[in-house]
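Inspection log for the structure reproduced underneath, given as structure tokens.
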Amino acid sequence: MRIGQGFDVHALKAGEGLPLGGVWMPCDYAVIAHSDGDVLLHALTDAILGALGEGDIGQWFPDNDPRFAGADSKVLLTEVWERAVERGFELGNADLTVIGQVPKVGPAREAIQASVATLLGAEHAQVNIKATTTEKLGFTGRKEGIAAQAAVLLVKRP
Ligand code: MG
């Protein structure tokens, strides 16, 4: 078994929505990012890389590399996940937390869970989506940014 954790932040600006866990979330904000800025998938990708002992998302997909401008984070996650599968791992479970005042995660929770499970070839029950505000404190509380944390357990296939 291998354990990994990931953390990511993106700044927010006025906009029409943002991707979260591969699900489009309509709201009055957008992320400032080199890629599509899916903070939840970035944290998850980093957690998988951590479990594999293969560095971090910035090493795999440098944000100064024009190939990754506007990149779909689902594609980046899939590339890393393929490495995990190649190395003989499957998902034990993933526990993901969105930290921010916006957007409201609750109504999309099941869609995000399904999206992440599909990306990892896992059952819905292997993926847990949590959300918290920071009680209006700090940069997430002021809606200046959004953050996410991820923990994953990878298990060697028998
Ligand atoms: Mg990021």
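We name chains A, B, ... following the order of the structure tokens; residues begin at 1 in each chain, and ligands are numbered from 1 as shown.
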Show me which residues sit within 7 Å of ligand 1 when counting only C-alpha atoms and all ligand atoms, and put them as a ChimeraX atom specification.
/A:8-10,37-39,42
In stretch 33-94 of chain A, what's strand (DSSP E or B) per DSSP? Answer as a list of chain:residue names?
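The strand (DSSP E or B) residues within stretch 33-94 of chain A come out as A:Phe89, A:Glu90, A:Leu91, A:Gly92, A:Asn93, A:Ala94.
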Tell me, as an NGL selection string, which residues lie within 12 Å of stretch 52-56 of chain A, counting only C-alpha atoms; anything in the same chain fewer than 2 positions away does not count.
:A and (1-8 or 42-50 or 58-62 or 76-77 or 80-91 or 152-156)
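With distances taken over only C-alpha atoms, A:His34 is the one residue among A:Lys136, A:His34, A:Arg109, A:Arg157 lying closest to A:Gly70.
When only C-alpha atoms are used to compute distances to A:Thr118, the closest of the residues A:Val105, A:Leu18, A:Lys74, A:Lys13 turns out to be A:Lys74.
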Within 10 Å of A:Leu137, counting only C-alpha atoms, which residues show up once you throw out same-chain ones fewer than 5 positions away? Write them as a PyMOL selection string, please.
chain A and resi 100-101+142-143
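Here atom CA of A:Gln149 stands at a distance of 26.4 Å from atom CA of A:Pro66.
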Could you pull out the helix (DSSP H, G or I) residues of chain A from DSSP and send them as an MDAnalysis selection string?
chainID A and resid 39:52 57:60 66:68 73:86 106:119 124:126 138:141
Write the residues you've just listed into a file as a PDB file, in the first residue's frame, and include C-alpha atoms for each of them.
ATOM      1  CA  VAL A  39      -7.817  22.866  -7.938  1.00  0.00           C
ATOM      2  CA  LEU A  40      -9.378  19.593  -6.772  1.00  0.00           C
ATOM      3  CA  LEU A  41      -7.890  17.511  -9.590  1.00  0.00           C
ATOM      4  CA  HIS A  42      -4.507  19.199  -9.073  1.00  0.00           C
ATOM      5  CA  ALA A  43      -4.494  18.255  -5.380  1.00  0.00           C
ATOM      6  CA  LEU A  44      -5.561  14.718  -6.299  1.00  0.00           C
ATOM      7  CA  THR A  45      -2.882  14.430  -8.995  1.00  0.00           C
ATOM      8  CA  ASP A  46      -0.249  15.558  -6.497  1.00  0.00           C
ATOM      9  CA  ALA A  47      -1.502  13.038  -3.936  1.00  0.00           C
ATOM     10  CA  ILE A  48      -1.152  10.216  -6.483  1.00  0.00           C
ATOM     11  CA  LEU A  49       2.342  11.384  -7.420  1.00  0.00           C
ATOM     12  CA  GLY A  50       3.191  11.499  -3.720  1.00  0.00           C
ATOM     13  CA  ALA A  51       1.984   7.931  -3.228  1.00  0.00           C
ATOM     14  CA  LEU A  52       4.056   6.837  -6.225  1.00  0.00           C
ATOM     15  CA  ILE A  57       2.516  18.103 -10.706  1.00  0.00           C
ATOM     16  CA  GLY A  58       4.819  21.064 -11.384  1.00  0.00           C
ATOM     17  CA  GLN A  59       7.620  18.680 -12.404  1.00  0.00           C
ATOM     18  CA  TRP A  60       5.347  16.654 -14.650  1.00  0.00           C
ATOM     19  CA  PRO A  66       3.161  26.352 -23.484  1.00  0.00           C
ATOM     20  CA  ARG A  67       2.037  22.740 -24.110  1.00  0.00           C
ATOM     21  CA  PHE A  68       0.065  22.949 -20.864  1.00  0.00           C
ATOM     22  CA  SER A  73      -6.753  18.814 -15.760  1.00  0.00           C
ATOM     23  CA  LYS A  74      -8.637  15.577 -16.446  1.00  0.00           C
ATOM     24  CA  VAL A  75      -6.034  14.777 -19.099  1.00  0.00           C
ATOM     25  CA  LEU A  76      -3.150  15.554 -16.715  1.00  0.00           C
ATOM     26  CA  LEU A  77      -4.685  13.391 -13.988  1.00  0.00           C
ATOM     27  CA  THR A  78      -5.267  10.577 -16.454  1.00  0.00           C
ATOM     28  CA  GLU A  79      -1.622  10.656 -17.556  1.00  0.00           C
ATOM     29  CA  VAL A  80      -0.458  10.332 -13.940  1.00  0.00           C
ATOM     30  CA  TRP A  81      -3.101   7.708 -13.167  1.00  0.00           C
ATOM     31  CA  GLU A  82      -1.904   5.633 -16.138  1.00  0.00           C
ATOM     32  CA  ARG A  83       1.543   5.603 -14.523  1.00  0.00           C
ATOM     33  CA  ALA A  84       0.003   4.299 -11.287  1.00  0.00           C
ATOM     34  CA  VAL A  85      -1.840   1.550 -13.170  1.00  0.00           C
ATOM     35  CA  GLU A  86       1.333   0.681 -15.137  1.00  0.00           C
ATOM     36  CA  GLY A 106     -23.092  20.621  -1.913  1.00  0.00           C
ATOM     37  CA  PRO A 107     -25.410  20.440  -4.937  1.00  0.00           C
ATOM     38  CA  ALA A 108     -22.583  19.063  -7.137  1.00  0.00           C
ATOM     39  CA  ARG A 109     -21.084  16.688  -4.578  1.00  0.00           C
ATOM     40  CA  GLU A 110     -22.375  13.500  -6.197  1.00  0.00           C
ATOM     41  CA  ALA A 111     -21.451  14.661  -9.697  1.00  0.00           C
ATOM     42  CA  ILE A 112     -17.888  15.405  -8.541  1.00  0.00           C
ATOM     43  CA  GLN A 113     -17.674  12.048  -6.761  1.00  0.00           C
ATOM     44  CA  ALA A 114     -18.825  10.270  -9.928  1.00  0.00           C
ATOM     45  CA  SER A 115     -16.436  12.273 -12.111  1.00  0.00           C
ATOM     46  CA  VAL A 116     -13.384  11.510  -9.953  1.00  0.00           C
ATOM     47  CA  ALA A 117     -14.327   7.827  -9.561  1.00  0.00           C
ATOM     48  CA  THR A 118     -14.663   7.477 -13.330  1.00  0.00           C
ATOM     49  CA  LEU A 119     -11.271   9.129 -13.922  1.00  0.00           C
ATOM     50  CA  HIS A 124     -18.143   5.840  -6.297  1.00  0.00           C
ATOM     51  CA  ALA A 125     -17.820   4.602  -2.722  1.00  0.00           C
ATOM     52  CA  GLN A 126     -14.013   4.728  -3.022  1.00  0.00           C
ATOM     53  CA  GLY A 138      -8.219  34.386   5.085  1.00  0.00           C
ATOM     54  CA  PHE A 139      -7.891  34.385   1.300  1.00  0.00           C
ATOM     55  CA  THR A 140     -10.477  31.674   0.757  1.00  0.00           C
ATOM     56  CA  GLY A 141     -12.852  33.404   3.141  1.00  0.00           C
TER      57      GLY A 141
END
State, in Å with one decimal place, the distance from atom CA of A:Val31 to atom CA of A:Pro19.
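Atom CA of A:Pro19 lies at a distance of 8.6 Å from atom CA of A:Val31.
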I'd like the interatomic distance between atom CA of A:Leu96 and atom CA of A:Glu16, to a tenth of an Å.
23.8 Å
List as a PyMOL selection string the protein and nucleic acid residues near A:Ala14, meaning an atom at most 8 Å away when only C-alpha atoms are counted, but skip any in the same chain fewer than 3 places from it.
chain A and resi 28-30
